[in-house]
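These notes are about the structure you will find just below.
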Amino acid sequence: MKTSHPDKVFYPEDGLTKGDVVEYYRAVAGVMLPHLRGRPLTLRRFPDGIGKPGWFQKHPGEHFPDSIRVERVPRRDGGTDDYVVCEDAATLEYLANQGTVEFHVWLSTVDAPERPDRLVLDLDPPDGTPVAELRAVARRIRDHYERVGLTAFVQATGGRGFHVLAPLDAKSDTEVVLELSRALADRVAGDDPDRLTTAQRKDKRGDRIFLDANRNGYAQTFVAPYSLRARPGAAAATPLDWRELGKADPAGWGPRKEKQRLARKQDPWRELDEHAGSAEAALKQLS
C-alpha cells in the first residue's frame with residue numbers, strides 16, 4: 001500500500017512524519033496484531049498530525065474498503081454499533097494511513113463482548129509523581145492479583161503511568177469483572193490511603209495516584225500494546241517483563257527504540273492467554 005502524503009509532519013516537536021508513523025506500524029505488526037485480533041477497536045485519528053485537532057472514532061468510516069472487518073456489537077440500550085476489527089497487517093497499515101495514531105481495544109472480543117478476557121487497573125498519577133513510586137504501586141497491584149489467583153502483566157502506557165493487566169478465562173460477565181477490579185483497586189488503595197485513591201472525582205484525589213478500574217466497564221477500552229501515543233515524544237505503549245520495571249519509564253519507548261527493542265526481544269505478553277484466571281474465583285478470594 002502506498003502511503004498518502006508521507007512527508008506530512010505528524011509529530012512537530014519530534015520531526016516525525018506520517019510516513020514514519022505508517023512505517024512504524026508496518027514494523028510492529030507481527031507483535032501488535034495478536035493484541036488486536038477479534039477485538040472492537042476505537043481509533044484516535046489525527047489526519048493532520050498531533051499538532052492539529054484529532055478525534056476518537058468508534059465506528060468505521062463510510063469510505064473504508066470492504067476488506068476491513070466490521071462487526072456489529074450490542075449496546076447496553078438494546079441497539080447495536082459497528083466496530084472495526086483489525087485482523088491483519090494490511091488493515092493496520094490502512095488505518096495508520098488514514099491518520100490513526102492511537103489504537104484502543106476492548107477488554108473482550110466481538111464473539112463474547114459481555115465476557116471480558118482482560119482485567120486492567122490503570123495508574124493515573126498527578127504531575128510530579130516520581131516514577132519510582134509508580135513502579136512500587138504497580139508491584140503492589142501485582143501482589144494483590146497474585147493473592148487471588150490472577151497472573152499480573154505490566155505495560156508502560158506511553159503516557160504518564162502503567163497498566164497492570166490480568167488475563168481472564170472469559171467465563172464471567174462484565175459486572176463480575178468490574179466488581180472485582182474495583183475491589184482490587186480498593187484493597188491496594190487501602191494499603192496506602194495517603195498516596196493512593198479510587199476517588200472518581202478529581203477534586204477528591206488531591207495529590208494522590210488514582211487507581212482507575214473504570215476501564216473494566218462494558219465497551220470501555222485501554223491503549224493497545226505497541227500503539228503510539230499522540231503526545232510529544234511519540235512514545236509507544238510497551239509490554240514489559242516485571243524485571244524490566246525497575247528501570248522503566250511510562251513513556252520510555254519511542255518508535256526507533258521500540259523497533260530496536262523488538263529486534264532483540266520477544267513480546268513479553270506473547271503467552272498472555274496461557275495464564276487466564278477466573279474472575280469469579282478471584283472475587284470469592286476477596287470476600
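Ordering of the C-alpha cells sets the chain letters (A, B, ...); residue numbers start at 1 within each chain; ligands are numbered from 1 in the order shown.
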
Residues within 12 Å of Lys265 of chain A, please, as a list of chain:residue names. Count only C-alpha atoms; anything in the same chain fewer than 6 positions from it doesn't count.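 Listing them by chain and then by number gives A:Val31, A:Pro239, A:Leu240, A:Asp241, A:Lys257, A:Glu258, A:Lys259.
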
Find the residues near Arg45 of chain A: any atom within 7 Å, counting only C-alpha atoms, skip ones fewer than 3 places away on the same chain, and give them as a VMD selection string. chain A and resid 54 to 56 99 to 101

Residue neighbourhood segment 223-233 of chain A, 7 Å, only C-alpha atoms, exclusion window fewer than 6 positions, as a list in words: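 What passes the distance filter is Tyr11, Glu13, Asp14, Met32, His35, Ile50, Val101, Glu102, Phe103, His104, Val105, Gly158, Pro239 and Gly254 of chain A.
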
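Between atom CA of Tyr24 of chain A and atom CA of Arg37 of chain A the interatomic distance comes to 18.5 Å.
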
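Nearest to Asn97 of chain A of all the residues A:Val22, A:Leu134, A:Val177, A:Ala185 is A:Val22, counting only C-alpha atoms.
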